[in-house]
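Chemist: Have a look at the structure that comes next, please.
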Number of protein chains: 2
Amino acid sequence: MSAWCDRLSLNTMTTKGWTLREAVEATAAAGLPAIGVWRDRVAEAGVDEAAKIVRDNGLRVSTLCRGGFLTGLDDPGAILDDNRRAIDEAAALGTHELVMVVGGLVGRDLVGARARVAERLADLVPYAVERDVRLALEPLHPVFCAERAVISTLGQALDLATPFPAHAVGVVIDTFHVWWDPGLAESVARAGAAGRISSYQICDWLVPMAADPLVSRGMMGDGVIDFAAISALVDQAGYRGDIEVEIFNETVWATDGVAVLETMKERYRDLVWSSLQS
Amino acid sequence: MSAWCDRLSLNTMTTKGWTLREAVEATAAAGLPAIGVWRDRVAEAGVDEAAKIVRDNGLRVSTLCRGGFLTGLDDPGAILDDNRRAIDEAAALGTHELVMVVGGLVGRDLVGARARVAERLADLVPYAVERDVRLALEPLHPVFCAERAVISTLGQALDLATPFPAHAVGVVIDTFHVWWDPGLAESVARAGAAGRISSYQICDWLVPMAADPLVSRGMMGDGVIDFAAISALVDQAGYRGDIEVEIFNETVWATDGVAVLETMKERYRDLVWSSLQS
């Protein structure tokens, strides 16, 4: 493994067509040290087998994606149960970071949805702490506020995290979701100072957008995001963890996974790694 | 004119198929006091004739839409000239408020684009003040940051406005663009306290979104925005000006304009006016 890619992690969503084993083996073969795993891949393999596959290939799991969807009004017990299972899976996979996409609106009550996020987060924290898993709140781009996440800025995620210890609740910095934020520099510094940066995820914002914003994430360099600027902020904030490439994109998904891995390594080296001082 | 609609304004974009004369006459016939005018309608009629049409029908012009697109690198002189023409048109139409959509990224330099907005705003302010026209900065939803406006939050718009007198630079509060903002209540109060609310524009956020977010604006009540909550904030902030319905939507555009006007009156009465204390 070259030193320049010793923090680079493949998120399984980037190579969506691969099983967990295929993704893990290709990641190891490409000389990367880590993988970010979605729960669908864990479910396919079974959690014990998934952990074994990762371990046998000498990788670490940078994050488990994802828990969350905390805003629903129906059956809060089921919501909490599912999140406890996600916490258990993260522990079994040996990752400290469980990415939380907190869920969207129910009806038109944004204030209520945000209040339920805070309440249910408080319900889950003790369970997570016992298993040494951190709940990593991911602010999503405001285009997803209605349907997917009522946390829209890094500052808002940090406000929600503040009542809890830094080892219990963290935040995810995903370039696609935060690049536009006029308060980004301040919030990244604040997240770093608080020791709460759980993950740095990268992909580009394409112009024009795809018709479905969810799959408008692009390979670094194919869109408008200034990776040097944002990576420098995250670096200066003291983050030294893995950097995950997570791309939802039909064209990327239609491309051979090995080629995707090679491209993401090159782009990472040229656009991200070169901006890291550490 | 019923008292409950004495602040309701039709933005010409809502009835896109109409000429200015058609829109003005229908607005007056519907008992509304005001119209928000886009420059394409002014250009078609000629500015003097446009002013006469509005005056002859006893309406006021709530805003002129729009100046802006200040971020370009080519030919800054042409950018400023076009904005000076927009200021002249606003003055000729007798409106105090020129809505400014400030423009998107050039390349990947968000910091530079924002700096050019601030610089060119400073260039334009004296010209606008001489003509008693206010430059009304409109934060656009972050989904438009790359292509249309590098001002994404009301707080950011207020920061940009702060160096200038309140009669020179204001802000637009458009429900579609700001509803998701976790800092909205604070920013609306701040805008009101500073005397900088130039316009309150309303339309809904549809779920699912249209493939082109630009035309995903819906009739109030057809989406997820809590108009009672936001209208109450704007009201409590002391805004007593016109409330403009501005909808970009293919279905609305395909509907008979008179029917659109009737629907928007009903929805305004039920969802917005009922939340105004003033």
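Following the order of the structure tokens, first chain is A, next is B, and so on, with residues numbered from 1 inside each chain and ligands from 1 in the order they appear.
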For Glu22 (chain A), list every protein, DNA or RNA residue within 12 Å, evaluated using only C-alpha atoms, and leave out those in the same chain fewer than 5 positions away; present the list as a PDB file with N, CA, C and O atoms, in the first residue's frame.

Modeler:
```pdb
ATOM      1  N   LEU A  10     -13.083   2.620   0.084  1.00  0.00           N
ATOM      2  CA  LEU A  10     -14.174   2.438  -0.886  1.00  0.00           C
ATOM      3  C   LEU A  10     -15.472   2.223  -0.133  1.00  0.00           C
ATOM      4  O   LEU A  10     -15.580   1.321   0.700  1.00  0.00           O
ATOM      5  N   THR A  12     -19.143   0.799  -0.291  1.00  0.00           N
ATOM      6  CA  THR A  12     -19.709  -0.252  -1.159  1.00  0.00           C
ATOM      7  C   THR A  12     -20.751   0.287  -2.139  1.00  0.00           C
ATOM      8  O   THR A  12     -21.010  -0.348  -3.160  1.00  0.00           O
ATOM      9  N   THR A  15     -19.478   0.847  -5.817  1.00  0.00           N
ATOM     10  CA  THR A  15     -19.430  -0.331  -6.701  1.00  0.00           C
ATOM     11  C   THR A  15     -20.631  -1.202  -6.346  1.00  0.00           C
ATOM     12  O   THR A  15     -20.485  -2.322  -5.829  1.00  0.00           O
ATOM     13  N   LYS A  16     -21.781  -0.649  -6.674  1.00  0.00           N
ATOM     14  CA  LYS A  16     -23.047  -1.209  -6.196  1.00  0.00           C
ATOM     15  C   LYS A  16     -23.287  -2.641  -6.659  1.00  0.00           C
ATOM     16  O   LYS A  16     -23.988  -3.407  -5.996  1.00  0.00           O
ATOM     17  N   GLY A  17     -22.737  -2.999  -7.816  1.00  0.00           N
ATOM     18  CA  GLY A  17     -23.003  -4.327  -8.366  1.00  0.00           C
ATOM     19  C   GLY A  17     -22.242  -5.454  -7.674  1.00  0.00           C
ATOM     20  O   GLY A  17     -22.537  -6.629  -7.877  1.00  0.00           O
ATOM     21  N   THR A  27     -10.905  -4.152  -3.086  1.00  0.00           N
ATOM     22  CA  THR A  27     -10.342  -3.044  -2.316  1.00  0.00           C
ATOM     23  C   THR A  27      -8.953  -3.414  -1.802  1.00  0.00           C
ATOM     24  O   THR A  27      -8.002  -2.615  -1.896  1.00  0.00           O
ATOM     25  N   ALA A  28      -8.842  -4.609  -1.262  1.00  0.00           N
ATOM     26  CA  ALA A  28      -7.530  -5.068  -0.779  1.00  0.00           C
ATOM     27  C   ALA A  28      -6.536  -5.180  -1.936  1.00  0.00           C
ATOM     28  O   ALA A  28      -5.393  -4.735  -1.827  1.00  0.00           O
ATOM     29  N   ALA A  29      -6.995  -5.724  -3.062  1.00  0.00           N
ATOM     30  CA  ALA A  29      -6.112  -5.883  -4.222  1.00  0.00           C
ATOM     31  C   ALA A  29      -5.648  -4.534  -4.761  1.00  0.00           C
ATOM     32  O   ALA A  29      -4.546  -4.417  -5.299  1.00  0.00           O
ATOM     33  N   ILE A  35     -12.758  -0.051   3.997  1.00  0.00           N
ATOM     34  CA  ILE A  35     -13.999  -0.116   3.221  1.00  0.00           C
ATOM     35  C   ILE A  35     -15.140   0.436   4.072  1.00  0.00           C
ATOM     36  O   ILE A  35     -15.179   0.217   5.288  1.00  0.00           O
ATOM     37  N   ARG A  41     -25.279  -4.957   2.070  1.00  0.00           N
ATOM     38  CA  ARG A  41     -24.191  -5.906   1.794  1.00  0.00           C
ATOM     39  C   ARG A  41     -23.922  -6.803   3.005  1.00  0.00           C
ATOM     40  O   ARG A  41     -23.562  -7.973   2.861  1.00  0.00           O
ATOM     41  N   ALA A  45     -24.508 -11.120   3.232  1.00  0.00           N
ATOM     42  CA  ALA A  45     -23.464 -12.059   3.653  1.00  0.00           C
ATOM     43  C   ALA A  45     -23.761 -12.661   5.015  1.00  0.00           C
ATOM     44  O   ALA A  45     -23.289 -13.773   5.326  1.00  0.00           O
ATOM     45  N   ALA A  50     -19.703 -11.452   7.165  1.00  0.00           N
ATOM     46  CA  ALA A  50     -19.234 -10.154   6.661  1.00  0.00           C
ATOM     47  C   ALA A  50     -18.000  -9.713   7.439  1.00  0.00           C
ATOM     48  O   ALA A  50     -16.997  -9.275   6.853  1.00  0.00           O
ATOM     49  N   ILE A  53     -15.043 -11.827   6.358  1.00  0.00           N
ATOM     50  CA  ILE A  53     -14.534 -11.456   5.024  1.00  0.00           C
ATOM     51  C   ILE A  53     -13.615 -10.235   5.134  1.00  0.00           C
ATOM     52  O   ILE A  53     -12.522 -10.202   4.564  1.00  0.00           O
ATOM     53  N   VAL A  54     -14.064  -9.244   5.879  1.00  0.00           N
ATOM     54  CA  VAL A  54     -13.275  -8.012   6.028  1.00  0.00           C
ATOM     55  C   VAL A  54     -11.955  -8.321   6.745  1.00  0.00           C
ATOM     56  O   VAL A  54     -10.874  -7.905   6.315  1.00  0.00           O
ATOM     57  N   ASN A  57      -9.280 -10.254   4.869  1.00  0.00           N
ATOM     58  CA  ASN A  57      -8.603  -9.483   3.829  1.00  0.00           C
ATOM     59  C   ASN A  57      -7.808  -8.306   4.386  1.00  0.00           C
ATOM     60  O   ASN A  57      -7.305  -7.478   3.627  1.00  0.00           O
ATOM     61  N   GLY A 257     -16.071  -2.372 -11.930  1.00  0.00           N
ATOM     62  CA  GLY A 257     -15.662  -1.926 -10.605  1.00  0.00           C
ATOM     63  C   GLY A 257     -14.169  -1.680 -10.456  1.00  0.00           C
ATOM     64  O   GLY A 257     -13.738  -0.746  -9.778  1.00  0.00           O
ATOM     65  N   VAL A 258     -13.375  -2.514 -11.097  1.00  0.00           N
ATOM     66  CA  VAL A 258     -11.918  -2.342 -10.992  1.00  0.00           C
ATOM     67  C   VAL A 258     -11.505  -1.018 -11.627  1.00  0.00           C
ATOM     68  O   VAL A 258     -10.647  -0.289 -11.095  1.00  0.00           O
TER      69      VAL A 258
END
```

Chemist: I'd like the neighbourhood of Ile173 (chain A) as number ranges by chain, where a residue qualifies if any of its atoms comes within 9 Å (using only C-alpha atoms), though same-chain residues fewer than 2 positions away should be ignored.

Modeler: A: 138-139, 154, 171, 175-178, 188, 197-202, 234

Chemist: Per DSSP on the backbone, what are the alpha helix (DSSP H) residues of region 52-217 of chain A, as a ChimeraX atom specification?

Modeler: /A:52-56,76-93,110-130,154-161,175-178,184-193

Chemist: What would the file look like if the residues just selected were written as a short mmCIF file (atom, residue, chain, number, x, y, z; two decimals), in the first residue's frame with C-alpha atoms?

Modeler:
```cif
data_model
loop_
_atom_site.label_atom_id
_atom_site.label_comp_id
_atom_site.auth_asym_id
_atom_site.auth_seq_id
_atom_site.Cartn_x
_atom_site.Cartn_y
_atom_site.Cartn_z
CA LYS A 52 -14.82 -12.48 8.69
CA ILE A 53 -14.53 -11.46 5.02
CA VAL A 54 -13.27 -8.01 6.03
CA ARG A 55 -10.89 -9.40 8.66
CA ASP A 56 -9.49 -12.11 6.40
CA PRO A 76 -41.24 4.13 17.23
CA GLY A 77 -40.32 0.83 18.87
CA ALA A 78 -39.53 -0.68 15.48
CA ILE A 79 -37.45 2.38 14.55
CA LEU A 80 -35.35 2.05 17.69
CA ASP A 81 -35.04 -1.74 17.30
CA ASP A 82 -33.72 -1.37 13.78
CA ASN A 83 -31.18 1.16 14.95
CA ARG A 84 -30.07 -1.10 17.78
CA ARG A 85 -29.50 -3.84 15.23
CA ALA A 86 -27.41 -1.42 13.16
CA ILE A 87 -25.36 -0.60 16.26
CA ASP A 88 -24.82 -4.32 16.88
CA GLU A 89 -23.72 -4.79 13.27
CA ALA A 90 -21.26 -1.91 13.51
CA ALA A 91 -19.78 -3.45 16.67
CA ALA A 92 -19.55 -6.86 15.02
CA LEU A 93 -17.77 -5.35 12.01
CA LEU A 110 -40.39 20.20 10.38
CA VAL A 111 -40.09 21.28 14.01
CA GLY A 112 -41.70 18.04 15.19
CA ALA A 113 -39.54 15.87 12.95
CA ARG A 114 -36.40 17.53 14.29
CA ALA A 115 -37.59 17.09 17.86
CA ARG A 116 -38.12 13.36 17.29
CA VAL A 117 -34.57 13.07 15.96
CA ALA A 118 -33.23 14.59 19.16
CA GLU A 119 -35.41 12.41 21.40
CA ARG A 120 -34.62 9.14 19.66
CA LEU A 121 -30.96 9.96 19.48
CA ALA A 122 -31.03 10.28 23.27
CA ASP A 123 -32.78 6.90 23.47
CA LEU A 124 -30.08 5.23 21.37
CA VAL A 125 -26.93 6.77 22.84
CA PRO A 126 -26.56 4.53 25.91
CA TYR A 127 -26.93 1.39 23.79
CA ALA A 128 -24.35 2.67 21.30
CA VAL A 129 -21.88 3.73 23.98
CA GLU A 130 -22.02 0.31 25.63
CA LEU A 154 -23.06 20.61 9.66
CA GLY A 155 -23.74 23.31 12.25
CA GLN A 156 -27.18 21.87 12.91
CA ALA A 157 -25.70 18.36 13.27
CA LEU A 158 -23.19 19.70 15.79
CA ASP A 159 -25.95 21.42 17.76
CA LEU A 160 -27.76 18.09 17.99
CA ALA A 161 -24.56 16.30 19.00
CA THR A 175 -18.63 17.03 0.26
CA PHE A 176 -21.78 16.53 -1.85
CA HIS A 177 -23.99 17.56 1.03
CA VAL A 178 -22.02 20.46 2.50
CA LEU A 184 -18.77 25.42 6.23
CA ALA A 185 -15.30 26.57 7.30
CA GLU A 186 -16.56 27.57 10.73
CA SER A 187 -18.54 24.35 11.19
CA VAL A 188 -15.70 22.06 10.10
CA ALA A 189 -13.36 23.79 12.54
CA ARG A 190 -15.96 23.45 15.28
CA ALA A 191 -16.46 19.75 14.50
CA GLY A 192 -12.73 19.15 14.65
CA ALA A 193 -12.23 21.08 17.87
#
```

Chemist: For a quick check of understanding, using only C-alpha atoms, which of B:Arg108, B:Lys265, B:Arg217, B:Arg134 has the smallest distance to chain A?

Modeler: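 Under the stated criterion, the closest residue is B:Arg108.
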
Chemist: Tell me which of B:Cys203, B:Leu233, B:Leu140, B:Ala254 sits closest to Gly218 (chain B), counting only C-alpha atoms.

Modeler: B:Cys203

Chemist: Compile the residues of chain A that lie within 6 Å of chain B, evaluated using only C-alpha atoms, and express the compilation as a PyMOL selection string.

Modeler: chain A and resi 108+211+224-226

Chemist: Near region 31-33 of chain B, counting only C-alpha atoms, which residues have an atom at most 7 Å away, once you skip same-chain residues fewer than 2 positions from it, shown as JSON, numbers by chain?

Modeler: {"B": [1, 5, 6, 7, 8, 9, 27, 28, 29, 59, 60]}
